[in-house]
Amino acid sequence: MIVVMKSNATPQQIQHMAERIESFGLRVHVIEGTERTVLAAIGEKREETKESLARGDGVDKVVPILASYKIASREVKEETSVVRTGSLEVGGQNIAVIAGPCSVESEEQILSSAKAIQAAGATALRGGAFKPRTSPYSFQGMKEEGLKLLALAREETGLSVVTEVMATEQVELVAKYADVLQIGARNMQNYALLEAVGKCGKPVLLKRSPSGTIDEFLLAAEYILDAGNPDVMLCERGIRTFETHTRFTLPLATVGYLHERTHLPVVVDPSHGTGIASLVTPMAAASVAAGADGLIVEVHPDPETAVSDGYQSLDFAQFEDLMVRCRAVAKAVDREIAEAAVESV
Ligand code: PEP
Ligand code: MN
């Protein structure tokens with residue numbers, strides 16, 4: 001259930017109610033909205049608890065949360081949450097664009113990518129150092145060496161870094177270098193990992209599993225939120241269907257549906273969602289039109305030689321074109337995408 005505080009409730013009243021909730025053996029999550037604060041009380045509760053909490057000073061009402069995901073639900077917060085870290089802001093008026101190679105491959109590759117995507121208007125750098133590959137014989141990533149190169153790229157450009165963490169025991173290491181920890185599609189239901197990133201102190205980009213329902217996706221996000229991390233971004237990256245013309249099927253109705261159900265910001269990955277470079281820009285533009293709060297796009301200096309996902313990666317000129325097109329669509333839906341720093345990259 002949620003304890004909705006009055007808009008003029010004092011910090012002391014809010015603190016008092018949080019303690020009251022805990023005194024009933026419930027976990028409390030304080031969710032600060034622009035209008036008022038809401039306290040989500042999680043756990044087994046009795047009718048008397050509700051009545052007792054409703055009498056507290058500064059309390060407007062106590063209402064049940066109907067959704068199975070509690071803290072993620074739009075019921076507890078009307079406005080979309082904004083996740084901020086360094087150069088990256090997701091969930092506000094501006095549509096964030098996170099771009100970079102699938103895998104970090106070398107200093108030259110990541111630095112040139114970072115500079116090019118920044119010049120085109122991207123506000124964060126992506127790049128995998130730990131790579132979840134379908135085959136154990138494929139390139140598995142540069143690991144800590146790759147993380148160091150990402151940190152170097154941040155130093156040179158000021159761009160926040162988004163990179164995947166694949167296992168619980170890697171969380172501390174990845175959090176040392178990254179600004180945002182990405183949970184890959186294959187790990188959406190790795191609950192121990194979700195709990196670990198819930199305690200890592202850094203924002204998380206949670207990718208949808210290709211076989212996960214939206215309820216399962218939101219419950220996965222709930223694990224991270226319930227572990228104490230409020231900075232979760234959801235990423236639609238395509239699901240597995242009977243269709244084989246694209247690598248995955250990218251369902252953009254997810255964007256609007258998630259916005260109805262949750263206050264968490266929604267990012268779309270048109271690169272993995274299509275698996276085909278020529279389809280990335282049209283689907284990125286469609287994602288913006290559908291209301292996405294951010295995009296994550298694979299960009300490589302020379303896609304032909306990429307060690308992973310070259311087929312779906314854009315080169316710098318193609319990415320610049322994506323940005324121009326998405327900017328135009330953003331304007332049409334009353335959003336904005338950061339301007340390019342230079343005319344041409
Ligand atoms: C990636 O971002 O390179 C990646 C492996 O994505 P996903 O987990 O969506 O397959
Ligand atoms: Mn990839």
# chains A, B, ... in the order shown; residues from 1 in each chain; ligands from 1

$ residues_around --residues "A:His272" --least-positions-apart "5" --cutoff "9 Å" --atoms "only C-alpha atoms" --output "PyMOL selection string"
chain A and resi 237-238+247-248+250+280+297-298+309+312

$ residues_around --residues "A:Asp179" --least-positions-apart "4" --cutoff "8 Å" --atoms "only C-alpha atoms" --output "list of chain:residue names"
A:Thr85, A:Gly86, A:Ser160, A:Val161, A:Val162, A:Ala175, A:Lys202, A:Pro203

$ residues_around --residues "A:Thr213" --least-positions-apart "3" --cutoff "12 Å" --atoms "only C-alpha atoms" --output "PyMOL selection string"
chain A and resi 188-189+208-210+216-220+236+238-240+251+254+258

$ atom_distance --atom1 "atom 5 (C, counted along the ligand's line) of ligand 1" --atom2 "atom CA of A:Arg186"
8.1 Å

$ closest_atom_pairs --of "chain A" --to "ligand 1" --cutoff "7 Å" --atoms "only C-alpha atoms and all ligand atoms" --output "tab-separated table"
residue	atom	partner	partner_atom_place_in_ligand_line	distance
A:Cys102	CA	ligand 1	3 (O)	4.6
A:Ser103	CA	ligand 1	3 (O)	6.9
A:Gly128	CA	ligand 1	3 (O)	6.2
A:Lys131	CA	ligand 1	5 (C)	6.5
A:Pro132	CA	ligand 1	5 (C)	6.0
A:Ile183	CA	ligand 1	8 (O)	6.9
A:Gly184	CA	ligand 1	8 (O)	3.3
A:Ala185	CA	ligand 1	8 (O)	3.7
A:Arg186	CA	ligand 1	8 (O)	5.8
A:Lys207	CA	ligand 1	9 (O)	5.8
A:Arg237	CA	ligand 1	9 (O)	5.4
A:His272	CA	ligand 1	9 (O)	6.0

$ residues_near_ligand --ligand "ligand 2" --cutoff "12 Å" --atoms "only C-alpha atoms and all ligand atoms" --output "PyMOL selection string"
chain A and resi 99-104+126-134+139-141+163-164+182+184-185+237+247+269-276+296-300+303+306-314

$ closest_atom_pairs --of "stretch 133-203 of chain A" --to "stretch 109-120 of chain A" --cutoff "10 Å" --atoms "only C-alpha atoms" --output "Markdown table"
| residue | atom | partner | partner_atom | distance |
| --- | --- | --- | --- | --- |
| A:Gly146 | CA | A:Ile110 | CA | 9.2 |
| A:Leu149 | CA | A:Ile110 | CA | 7.1 |
| A:Leu150 | CA | A:Ile110 | CA | 7.1 |
| A:Leu152 | CA | A:Leu111 | CA | 8.0 |
| A:Ala153 | CA | A:Leu111 | CA | 5.4 |
| A:Arg154 | CA | A:Ala114 | CA | 8.2 |
| A:Glu156 | CA | A:Leu111 | CA | 8.0 |
| A:Thr157 | CA | A:Lys115 | CA | 6.7 |
| A:Gly158 | CA | A:Gln118 | CA | 9.3 |
| A:Leu159 | CA | A:Gln118 | CA | 7.6 |
| A:Val161 | CA | A:Ala114 | CA | 9.8 |
